[in-house]
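Asks: My structure is stored as start33.tsv, with TSV, C-alpha atoms.
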chain	number	residue	atom	x	y	z
P	1	MET	CA	182.11	96.07	-32.45
P	2	GLU	CA	179.75	98.47	-34.20
P	3	LEU	CA	177.33	100.49	-32.06
P	4	SER	CA	174.56	99.74	-34.55
P	5	LEU	CA	174.90	96.07	-33.58
P	6	ILE	CA	175.22	96.69	-29.83
P	7	ILE	CA	172.33	99.12	-29.33
P	8	PRO	CA	169.39	96.78	-30.18
P	9	HIS	CA	170.72	94.05	-27.86
P	10	ILE	CA	171.20	96.43	-24.94
P	11	GLU	CA	167.79	97.97	-25.54
P	12	ALA	CA	166.21	94.50	-25.48
P	13	LEU	CA	168.05	93.50	-22.28
P	14	ILE	CA	166.99	96.61	-20.36
P	15	PHE	CA	163.42	96.37	-21.64
P	16	ALA	CA	163.04	92.71	-20.62
P	17	SER	CA	164.70	93.02	-17.21
P	18	ASP	CA	162.55	93.41	-14.09
P	19	LYS	CA	165.39	95.13	-12.23
P	20	PRO	CA	168.01	97.79	-13.05
P	21	LEU	CA	170.99	96.48	-15.03
P	22	ALA	CA	174.44	97.83	-14.22
P	23	LEU	CA	176.97	98.57	-16.96
P	24	GLN	CA	179.03	95.47	-16.16
P	25	ASP	CA	175.91	93.28	-16.32
P	26	LEU	CA	175.14	94.65	-19.77
P	27	VAL	CA	178.69	94.06	-20.99
P	28	GLU	CA	178.71	90.47	-19.75
P	29	MET	CA	175.28	89.53	-21.09
P	30	LEU	CA	175.89	91.25	-24.40
P	31	ASN	CA	179.11	89.34	-25.00
P	32	ASN	CA	177.49	86.08	-23.91
P	33	ALA	CA	174.65	86.64	-26.36
P	34	ILE	CA	176.71	87.66	-29.38
P	35	ALA	CA	179.58	85.28	-28.54
P	36	PHE	CA	182.19	86.96	-30.71
P	37	ILE	CA	185.52	85.95	-29.19
P	38	ASP	CA	187.69	88.19	-31.34
P	39	ASP	CA	185.37	91.19	-31.28
P	40	ARG	CA	184.00	91.57	-27.77
P	41	ALA	CA	182.15	94.70	-26.68
P	42	THR	CA	184.07	96.94	-24.31
P	43	ASP	CA	182.83	98.99	-21.37
P	44	ASP	CA	183.26	102.20	-23.35
P	45	GLN	CA	181.26	100.84	-26.28
P	46	VAL	CA	178.40	99.70	-24.08
P	47	GLU	CA	178.41	103.03	-22.22
P	48	ALA	CA	178.25	104.87	-25.55
P	49	ALA	CA	175.36	102.65	-26.64
P	50	VAL	CA	173.48	103.36	-23.38
P	51	ASP	CA	173.97	107.11	-23.89
P	52	ALA	CA	172.59	106.79	-27.42
P	53	ILE	CA	169.52	104.89	-26.19
P	54	LYS	CA	168.94	107.44	-23.43
P	55	GLU	CA	169.14	110.32	-25.90
P	56	LYS	CA	166.67	108.54	-28.16
P	57	TYR	CA	164.01	108.10	-25.47
P	58	ASP	CA	164.50	111.56	-23.96
P	59	ALA	CA	162.48	112.87	-26.90
P	60	GLU	CA	158.95	114.08	-26.04
P	61	PHE	CA	157.57	111.56	-28.51
P	62	TYR	CA	158.14	108.71	-25.99
P	63	ALA	CA	156.14	108.25	-22.79
P	64	PHE	CA	159.03	106.46	-21.08
P	65	GLY	CA	162.76	106.98	-20.85
P	66	LEU	CA	166.01	105.29	-19.88
P	67	VAL	CA	166.86	106.16	-16.28
P	68	GLU	CA	169.85	105.33	-14.10
P	69	SER	CA	168.32	104.23	-10.82
P	70	GLY	CA	168.98	101.62	-8.14
P	71	GLY	CA	172.55	101.10	-9.30
P	72	GLY	CA	171.69	100.34	-12.92
P	73	TRP	CA	169.69	101.28	-16.00
P	74	GLN	CA	165.99	100.68	-16.56
P	75	PHE	CA	163.07	101.96	-18.60
P	76	LEU	CA	160.66	104.06	-16.53
P	77	THR	CA	157.49	105.89	-17.46
P	78	LYS	CA	157.96	109.65	-17.41
P	79	PRO	CA	156.50	111.50	-14.39
P	80	GLU	CA	153.78	113.29	-16.37
P	81	TYR	CA	152.10	109.93	-17.08
P	82	HIS	CA	151.98	108.73	-13.47
P	83	LYS	CA	148.25	109.34	-12.99
P	84	THR	CA	147.49	107.53	-16.22
P	85	ILE	CA	149.35	104.30	-15.43
P	86	ALA	CA	148.32	104.38	-11.76
P	87	GLN	CA	144.88	103.21	-12.94
P	88	LEU	CA	146.41	99.88	-13.97
P	89	ASN	CA	147.85	99.16	-10.53
P	90	GLY	CA	144.94	100.02	-8.27
P	91	ASP	CA	146.16	100.95	-4.80
P	92	LYS	CA	149.61	99.44	-5.27
P	93	TYR	CA	151.33	102.80	-5.60
P	94	LEU	CA	148.93	104.63	-3.30
P	95	LYS	CA	150.15	102.84	-0.17
P	96	LYS	CA	152.61	105.19	1.46
P	97	LEU	CA	155.04	104.65	4.29
P	98	SER	CA	153.88	105.70	7.74
P	99	VAL	CA	155.51	108.65	9.46
P	100	ALA	CA	157.28	106.27	11.86
P	101	SER	CA	158.64	104.21	8.95
P	102	ILE	CA	159.84	107.31	7.09
P	103	GLU	CA	161.60	108.64	10.19
P	104	THR	CA	163.23	105.26	10.83
P	105	LEU	CA	164.22	104.86	7.19
P	106	SER	CA	165.71	108.36	7.13
P	107	ILE	CA	167.89	107.61	10.14
P	108	ILE	CA	169.09	104.35	8.60
P	109	ALA	CA	169.81	106.05	5.28
P	110	TYR	CA	171.92	108.82	6.82
P	111	LYS	CA	173.55	106.86	9.68
P	112	GLN	CA	174.05	103.45	8.05
P	113	PRO	CA	175.16	101.00	9.15
P	114	VAL	CA	173.23	101.60	12.36
P	115	THR	CA	171.84	99.46	15.19
P	116	LYS	CA	168.21	99.49	16.35
P	117	SER	CA	169.19	100.94	19.72
P	118	GLU	CA	170.95	103.83	17.96
P	119	ILE	CA	167.82	104.47	15.91
P	120	GLU	CA	165.68	104.46	19.06
P	121	LEU	CA	168.10	106.84	20.79
P	122	ILE	CA	167.56	109.37	17.99
P	123	ARG	CA	163.79	108.89	17.66
P	124	GLY	CA	163.13	108.49	21.37
P	125	VAL	CA	160.65	105.63	20.88
P	126	ASN	CA	160.69	101.89	20.24
P	127	CYS	CA	161.37	101.06	16.58
P	128	ASP	CA	160.72	97.31	16.45
P	129	TYR	CA	157.58	97.57	14.32
P	130	ALA	CA	158.97	100.20	11.94
P	131	VAL	CA	162.20	98.28	11.34
P	132	GLN	CA	160.27	95.06	10.74
P	133	LYS	CA	158.01	96.75	8.18
P	134	LEU	CA	161.01	98.20	6.35
P	135	LEU	CA	162.60	94.75	6.25
P	136	GLU	CA	159.38	93.26	4.87
P	137	LYS	CA	159.25	95.93	2.17
P	138	GLU	CA	162.93	95.17	1.43
P	139	LEU	CA	163.87	98.83	1.81
P	140	VAL	CA	166.49	97.96	4.44
P	141	VAL	CA	168.68	94.92	5.00
P	142	ILE	CA	170.68	93.44	7.86
P	143	SER	CA	174.25	94.26	6.90
P	144	GLY	CA	176.13	92.65	9.79
P	145	ARG	CA	176.74	93.02	13.51
P	146	LYS	CA	178.42	95.71	15.57
P	147	GLU	CA	181.28	93.62	16.93
P	148	ASP	CA	182.54	96.20	19.42
P	149	ALA	CA	179.14	96.69	21.12
P	150	VAL	CA	177.67	94.66	23.96
P	151	GLY	CA	175.70	91.72	22.58
P	152	LYS	CA	176.93	92.43	19.05
P	153	PRO	CA	173.61	93.94	17.87
P	154	LEU	CA	172.49	93.75	14.24
P	155	LEU	CA	173.38	96.55	11.86
P	156	TYR	CA	170.85	97.91	9.36
P	157	SER	CA	171.53	99.54	6.00
P	158	THR	CA	169.46	100.59	3.00
P	159	SER	CA	168.96	98.07	0.19
P	160	LYS	CA	169.14	98.22	-3.60
P	161	ASN	CA	165.34	98.36	-3.54
P	162	PHE	CA	165.62	101.54	-1.46
P	163	MET	CA	167.74	103.16	-4.15
P	164	ASP	CA	165.36	101.99	-6.85
P	165	TYR	CA	162.31	103.14	-4.85
P	166	PHE	CA	163.68	106.66	-4.46
P	167	GLY	CA	165.39	106.84	-7.84
P	168	ILE	CA	168.98	107.17	-6.62
P	169	ASN	CA	172.14	105.18	-7.25
P	170	SER	CA	173.81	105.36	-3.84
P	171	ALA	CA	173.46	106.94	-0.42
P	172	ASP	CA	175.74	109.73	-1.68
P	173	ASP	CA	172.86	110.93	-3.87
P	174	LEU	CA	170.71	111.70	-0.83
P	175	PRO	CA	170.19	115.43	-0.16
P	176	LYS	CA	172.61	116.80	2.39
P	177	ILE	CA	171.17	117.58	5.84
P	178	LYS	CA	172.48	121.16	5.62
P	179	GLU	CA	170.64	121.67	2.32
P	180	ILE	CA	167.39	120.38	3.84
P	181	LEU	CA	167.71	122.64	6.90
P	182	ASN	CA	168.48	125.69	4.75
P	183	HIS	CA	165.44	124.93	2.59
P	184	GLU	CA	163.21	124.57	5.67
P	185	ILE	CA	164.48	127.89	7.06
P	186	VAL	CA	163.83	129.68	3.76
P	187	GLU	CA	160.33	128.22	3.49
P	188	ALA	CA	159.53	129.12	7.11
P	189	THR	CA	160.72	132.69	6.52
P	190	LYS	CA	158.55	132.98	3.39
P	191	ILE	CA	155.47	131.74	5.26
P	192	GLU	CA	156.13	134.16	8.15
P	193	LYS	CA	156.43	137.12	5.77
P	194	GLU	CA	153.26	136.12	3.91
P	195	GLU	CA	151.35	135.90	7.22
P	196	GLN	CA	152.60	139.33	8.28
P	197	ILE	CA	151.55	140.86	4.96
P	198	SER	CA	148.13	139.22	5.25
P	199	GLU	CA	147.67	140.51	8.82
P	200	ASN	CA	148.64	144.05	7.78
P	201	LYS	CA	146.09	144.00	4.95
P	202	ASP	CA	143.29	142.82	7.24
P	203	GLN	CA	144.16	145.27	10.04
P	204	PRO	CA	141.89	148.42	10.06
P	205	GLU	CA	143.32	151.94	10.17
P	206	GLN	CA	144.29	153.20	13.61
P	207	GLU	CA	141.47	154.90	15.51
P	208	GLY	CA	143.73	157.76	16.57
P	209	ASN	CA	144.04	158.97	12.99
P	210	GLU	CA	140.28	158.86	12.49
P	211	ILE	CA	139.63	160.98	15.63
P	212	GLU	CA	142.36	163.48	14.92
P	213	GLU	CA	141.00	164.47	11.52
P	214	PRO	CA	137.51	165.61	12.72
P	215	ALA	CA	139.14	167.50	15.61
P	216	ASN	CA	141.21	169.51	13.16
P	217	LYS	CA	138.13	170.28	11.11
P	218	VAL	CA	136.25	171.60	14.17
P	219	GLU	CA	139.19	173.77	15.16
P	220	SER	CA	139.44	175.24	11.66
P	221	ALA	CA	135.73	176.05	11.61
P	222	THR	CA	136.02	177.87	14.96
P	223	GLU	CA	138.86	179.98	13.71
P	224	ARG	CA	136.79	181.11	10.71
P	225	LYS	CA	133.72	182.08	12.81
P	226	PRO	CA	133.31	185.88	12.89
P	227	ASP	CA	133.26	187.74	16.20
P	228	VAL	CA	129.84	188.71	17.53
Could you quickly redo this structure as structure tokens?
Replies:
Amino acid sequence: MELSLIIPHIEALIFASDKPLALQDLVEMLNNAIAFIDDRATDDQVEAAVDAIKEKYDAEFYAFGLVESGGGWQFLTKPEYHKTIAQLNGDKYLKKLSVASIETLSIIAYKQPVTKSEIELIRGVNCDYAVQKLLEKELVVISGRKEDAVGKPLLYSTSKNFMDYFGINSADDLPKIKEILNHEIVEATKIEKEEQISENKDQPEQEGNEIEEPANKVESATERKPDV
């Protein structure tokens, strides 16, 4: 099947979808729409068509682009236009997660699947409210039960909405803990050096040097005084 025939259909599917479309979804829907039994689109053809569409919208001329996020492909406005389109949505995108929710979500993301008691053991506080809020926002899901634990507690994992929200395709795309710690150490070192430089600039010259100079001048004058 010719790419020139495939590309417009794929572009229309991604544009009309309210969620990311995976490659297999595109292949299936494309073949259902065109309905050519003897000339069905293959995975490689659809992937090539997606690459062509992405290259097209990567141009500066377009305010949006094709992005792989949340396990599939979708059209997203480019970051430089965020403030512009934010006016259309009021406070929708201004509502941020609380610190407790972010901490809880981070633990789930890196430890998943994880029980609520395991989350509380790491955070040191009760997490009922934070977990409930994350469930309501559909950023986490109940992924089963821990069969080998007492009471078989529920297990929590991140959802597809989580991946879409943070623009990643899987938990493997999350930054590694070691990378985060190294970055924090580097930033802390930079701040410490900047503070030391600032303190040295503001610190006046030592008083000992100021006293020593006049003393030398007096001594020199005495030596030059003629005998009477």
Asks: With distances taken over only C-alpha atoms, which of P:Lys152, P:Lys19, P:Lys96, P:Arg123 is nearest to Ile108 in chain P?
Replies: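 With only C-alpha atoms as the atom set, the closest residue is P:Arg123.
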Asks: With distances taken over only C-alpha atoms, which residue among P:Leu97, P:Val140, P:Ala86, P:Cys127 lies nearest Gln112 in chain P?
Replies: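 That would be P:Val140, the residue with the smallest distance to Gln112 in chain P.
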Asks: Need to verify the contact set: range 47-54 of chain P, 10 Å, only C-alpha atoms, exclusion of same-chain residues closer than 3 positions in sequence. Can you return it as a list in words?
Replies: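 After dropping sequence-adjacent residues, the list is Glu2, Leu3, Ser4, Leu5, Ile6, Ile7, Pro8, His9, Ile10, Glu11, Ile14, Leu23, Gln24, Leu26, Val27, Thr42, Asp43, Asp44, Tyr57, Asp58, Ala59, Gly65, Leu66, Val67, Glu68, Trp73 and Phe75 of chain P.
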Asks: Ranking P:Val131, P:Gly72, P:Ile119, P:Pro113 by minimum distance to Ser98 in chain P and counting all atoms listed in the file, which one comes first?
Replies: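 Of all the options, P:Val131 lies closest to Ser98 in chain P.
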Asks: Rounded to one decimal in Å, what is the spacing between CA of Ser101 in chain P and CA of Ala130 in chain P?
Replies: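 Interatomic distance, CA of Ser101 in chain P to CA of Ala130 in chain P: 5.0 Å.
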Asks: Go ahead and compute the interatomic distance for CA of Ala12 in chain P and CA of Thr158 in chain P, in Å to one decimal.
Replies: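 About the pair CA of Ala12 in chain P and CA of Thr158 in chain P: they are 29.3 Å apart.
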Asks: Grab the CA of Ala100 in chain P to CA of Asn169 in chain P distance for me, in Å with one decimal place.
Replies: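 It comes out at 24.2 Å.
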Asks: Env of Ile142 in chain P: 10 Å cut, atoms = all atoms listed in the file, seq-sep filter 3 positions within chain, self excluded. Answer as a ChimeraX atom specification.
Replies: /P:113-115,135,145,154-159
Asks: Which neighbours of Glu138 in chain P fall inside 10 Å, counting all atoms listed in the file, when residues of the same chain fewer than 5 positions from it are skipped, and could you give them as a ChimeraX atom specification?
Replies: /P:132-133,158-162
Asks: For range 171-174 of chain P, find every residue with an atom within 9 Å (counting all atoms listed in the file), except residues of its own chain fewer than 4 positions away, and show them as JSON, numbers by chain.
Replies: {"P": [109, 110, 158, 163]}
Asks: Rebuild range 12-45 of chain P so that it carries N, CA and C atoms, then output the result as a PDB file, in the frame of the given file.
Replies:
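Below is the file result-v7.pdb, written as the result:
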ATOM      1  N   ALA P  12     167.045  95.671 -25.772  1.00  0.00           N
ATOM      2  CA  ALA P  12     166.210  94.500 -25.480  1.00  0.00           C
ATOM      3  C   ALA P  12     166.456  93.987 -24.056  1.00  0.00           C
ATOM      4  N   LEU P  13     167.713  93.976 -23.631  1.00  0.00           N
ATOM      5  CA  LEU P  13     168.050  93.500 -22.280  1.00  0.00           C
ATOM      6  C   LEU P  13     167.403  94.364 -21.213  1.00  0.00           C
ATOM      7  N   ILE P  14     167.548  95.688 -21.358  1.00  0.00           N
ATOM      8  CA  ILE P  14     166.990  96.610 -20.360  1.00  0.00           C
ATOM      9  C   ILE P  14     165.474  96.536 -20.360  1.00  0.00           C
ATOM     10  N   PHE P  15     164.880  96.431 -21.531  1.00  0.00           N
ATOM     11  CA  PHE P  15     163.420  96.370 -21.640  1.00  0.00           C
ATOM     12  C   PHE P  15     162.863  95.115 -20.974  1.00  0.00           C
ATOM     13  N   ALA P  16     163.552  93.985 -21.134  1.00  0.00           N
ATOM     14  CA  ALA P  16     163.040  92.710 -20.620  1.00  0.00           C
ATOM     15  C   ALA P  16     163.342  92.486 -19.146  1.00  0.00           C
ATOM     16  N   SER P  17     164.299  93.235 -18.595  1.00  0.00           N
ATOM     17  CA  SER P  17     164.700  93.020 -17.210  1.00  0.00           C
ATOM     18  C   SER P  17     163.696  93.606 -16.235  1.00  0.00           C
ATOM     19  N   ASP P  18     163.461  92.902 -15.126  1.00  0.00           N
ATOM     20  CA  ASP P  18     162.550  93.410 -14.090  1.00  0.00           C
ATOM     21  C   ASP P  18     163.295  94.149 -12.992  1.00  0.00           C
ATOM     22  N   LYS P  19     164.595  94.371 -13.201  1.00  0.00           N
ATOM     23  CA  LYS P  19     165.390  95.130 -12.230  1.00  0.00           C
ATOM     24  C   LYS P  19     166.431  95.945 -12.995  1.00  0.00           C
ATOM     25  N   PRO P  20     166.994  96.982 -12.368  1.00  0.00           N
ATOM     26  CA  PRO P  20     168.010  97.790 -13.050  1.00  0.00           C
ATOM     27  C   PRO P  20     169.232  96.949 -13.410  1.00  0.00           C
ATOM     28  N   LEU P  21     169.801  97.199 -14.577  1.00  0.00           N
ATOM     29  CA  LEU P  21     170.990  96.480 -15.030  1.00  0.00           C
ATOM     30  C   LEU P  21     172.187  97.421 -15.020  1.00  0.00           C
ATOM     31  N   ALA P  22     173.224  97.033 -14.287  1.00  0.00           N
ATOM     32  CA  ALA P  22     174.440  97.830 -14.220  1.00  0.00           C
ATOM     33  C   ALA P  22     175.231  97.672 -15.519  1.00  0.00           C
ATOM     34  N   LEU P  23     176.167  98.570 -15.733  1.00  0.00           N
ATOM     35  CA  LEU P  23     176.970  98.570 -16.960  1.00  0.00           C
ATOM     36  C   LEU P  23     177.700  97.240 -17.134  1.00  0.00           C
ATOM     37  N   GLN P  24     178.290  96.731 -16.070  1.00  0.00           N
ATOM     38  CA  GLN P  24     179.030  95.470 -16.160  1.00  0.00           C
ATOM     39  C   GLN P  24     178.110  94.300 -16.495  1.00  0.00           C
ATOM     40  N   ASP P  25     176.889  94.333 -15.984  1.00  0.00           N
ATOM     41  CA  ASP P  25     175.910  93.280 -16.320  1.00  0.00           C
ATOM     42  C   ASP P  25     175.603  93.310 -17.812  1.00  0.00           C
ATOM     43  N   LEU P  26     175.440  94.508 -18.342  1.00  0.00           N
ATOM     44  CA  LEU P  26     175.140  94.650 -19.770  1.00  0.00           C
ATOM     45  C   LEU P  26     176.294  94.155 -20.631  1.00  0.00           C
ATOM     46  N   VAL P  27     177.515  94.497 -20.236  1.00  0.00           N
ATOM     47  CA  VAL P  27     178.690  94.060 -20.990  1.00  0.00           C
ATOM     48  C   VAL P  27     178.772  92.538 -21.014  1.00  0.00           C
ATOM     49  N   GLU P  28     178.602  91.928 -19.852  1.00  0.00           N
ATOM     50  CA  GLU P  28     178.710  90.470 -19.750  1.00  0.00           C
ATOM     51  C   GLU P  28     177.627  89.755 -20.544  1.00  0.00           C
ATOM     52  N   MET P  29     176.380  90.197 -20.384  1.00  0.00           N
ATOM     53  CA  MET P  29     175.280  89.530 -21.090  1.00  0.00           C
ATOM     54  C   MET P  29     175.336  89.760 -22.588  1.00  0.00           C
ATOM     55  N   LEU P  30     175.778  90.947 -22.971  1.00  0.00           N
ATOM     56  CA  LEU P  30     175.890  91.250 -24.400  1.00  0.00           C
ATOM     57  C   LEU P  30     176.916  90.340 -25.059  1.00  0.00           C
ATOM     58  N   ASN P  31     178.070  90.185 -24.436  1.00  0.00           N
ATOM     59  CA  ASN P  31     179.110  89.340 -25.000  1.00  0.00           C
ATOM     60  C   ASN P  31     178.723  87.868 -24.978  1.00  0.00           C
ATOM     61  N   ASN P  32     177.975  87.462 -23.961  1.00  0.00           N
ATOM     62  CA  ASN P  32     177.490  86.080 -23.910  1.00  0.00           C
ATOM     63  C   ASN P  32     176.487  85.812 -25.025  1.00  0.00           C
ATOM     64  N   ALA P  33     175.691  86.823 -25.335  1.00  0.00           N
ATOM     65  CA  ALA P  33     174.650  86.640 -26.360  1.00  0.00           C
ATOM     66  C   ALA P  33     175.246  86.628 -27.764  1.00  0.00           C
ATOM     67  N   ILE P  34     176.136  87.562 -28.037  1.00  0.00           N
ATOM     68  CA  ILE P  34     176.710  87.660 -29.380  1.00  0.00           C
ATOM     69  C   ILE P  34     177.815  86.640 -29.594  1.00  0.00           C
ATOM     70  N   ALA P  35     178.576  86.361 -28.527  1.00  0.00           N
ATOM     71  CA  ALA P  35     179.580  85.280 -28.540  1.00  0.00           C
ATOM     72  C   ALA P  35     180.643  85.466 -29.608  1.00  0.00           C
ATOM     73  N   PHE P  36     181.078  86.707 -29.802  1.00  0.00           N
ATOM     74  CA  PHE P  36     182.190  86.960 -30.710  1.00  0.00           C
ATOM     75  C   PHE P  36     183.472  87.022 -29.876  1.00  0.00           C
ATOM     76  N   ILE P  37     184.317  86.029 -30.010  1.00  0.00           N
ATOM     77  CA  ILE P  37     185.520  85.950 -29.190  1.00  0.00           C
ATOM     78  C   ILE P  37     186.523  87.035 -29.574  1.00  0.00           C
ATOM     79  N   ASP P  38     186.681  87.249 -30.857  1.00  0.00           N
ATOM     80  CA  ASP P  38     187.690  88.190 -31.340  1.00  0.00           C
ATOM     81  C   ASP P  38     187.195  89.629 -31.375  1.00  0.00           C
ATOM     82  N   ASP P  39     185.920  89.836 -31.184  1.00  0.00           N
ATOM     83  CA  ASP P  39     185.370  91.190 -31.280  1.00  0.00           C
ATOM     84  C   ASP P  39     184.366  91.428 -30.162  1.00  0.00           C
ATOM     85  N   ARG P  40     184.861  91.419 -28.938  1.00  0.00           N
ATOM     86  CA  ARG P  40     184.000  91.570 -27.770  1.00  0.00           C
ATOM     87  C   ARG P  40     183.711  93.045 -27.514  1.00  0.00           C
ATOM     88  N   ALA P  41     182.531  93.326 -27.007  1.00  0.00           N
ATOM     89  CA  ALA P  41     182.150  94.700 -26.680  1.00  0.00           C
ATOM     90  C   ALA P  41     182.894  95.156 -25.444  1.00  0.00           C
ATOM     91  N   THR P  42     183.355  96.372 -25.450  1.00  0.00           N
ATOM     92  CA  THR P  42     184.070  96.940 -24.310  1.00  0.00           C
ATOM     93  C   THR P  42     183.133  97.775 -23.445  1.00  0.00           C
ATOM     94  N   ASP P  43     183.623  98.145 -22.270  1.00  0.00           N
ATOM     95  CA  ASP P  43     182.830  98.990 -21.370  1.00  0.00           C
ATOM     96  C   ASP P  43     182.484 100.320 -22.033  1.00  0.00           C
ATOM     97  N   ASP P  44     183.475 100.902 -22.710  1.00  0.00           N
ATOM     98  CA  ASP P  44     183.260 102.200 -23.350  1.00  0.00           C
ATOM     99  C   ASP P  44     182.210 102.109 -24.461  1.00  0.00           C
ATOM    100  N   GLN P  45     182.231 101.012 -25.204  1.00  0.00           N
ATOM    101  CA  GLN P  45     181.260 100.840 -26.280  1.00  0.00           C
ATOM    102  C   GLN P  45     179.844 100.689 -25.732  1.00  0.00           C
TER     103      GLN P  45
END
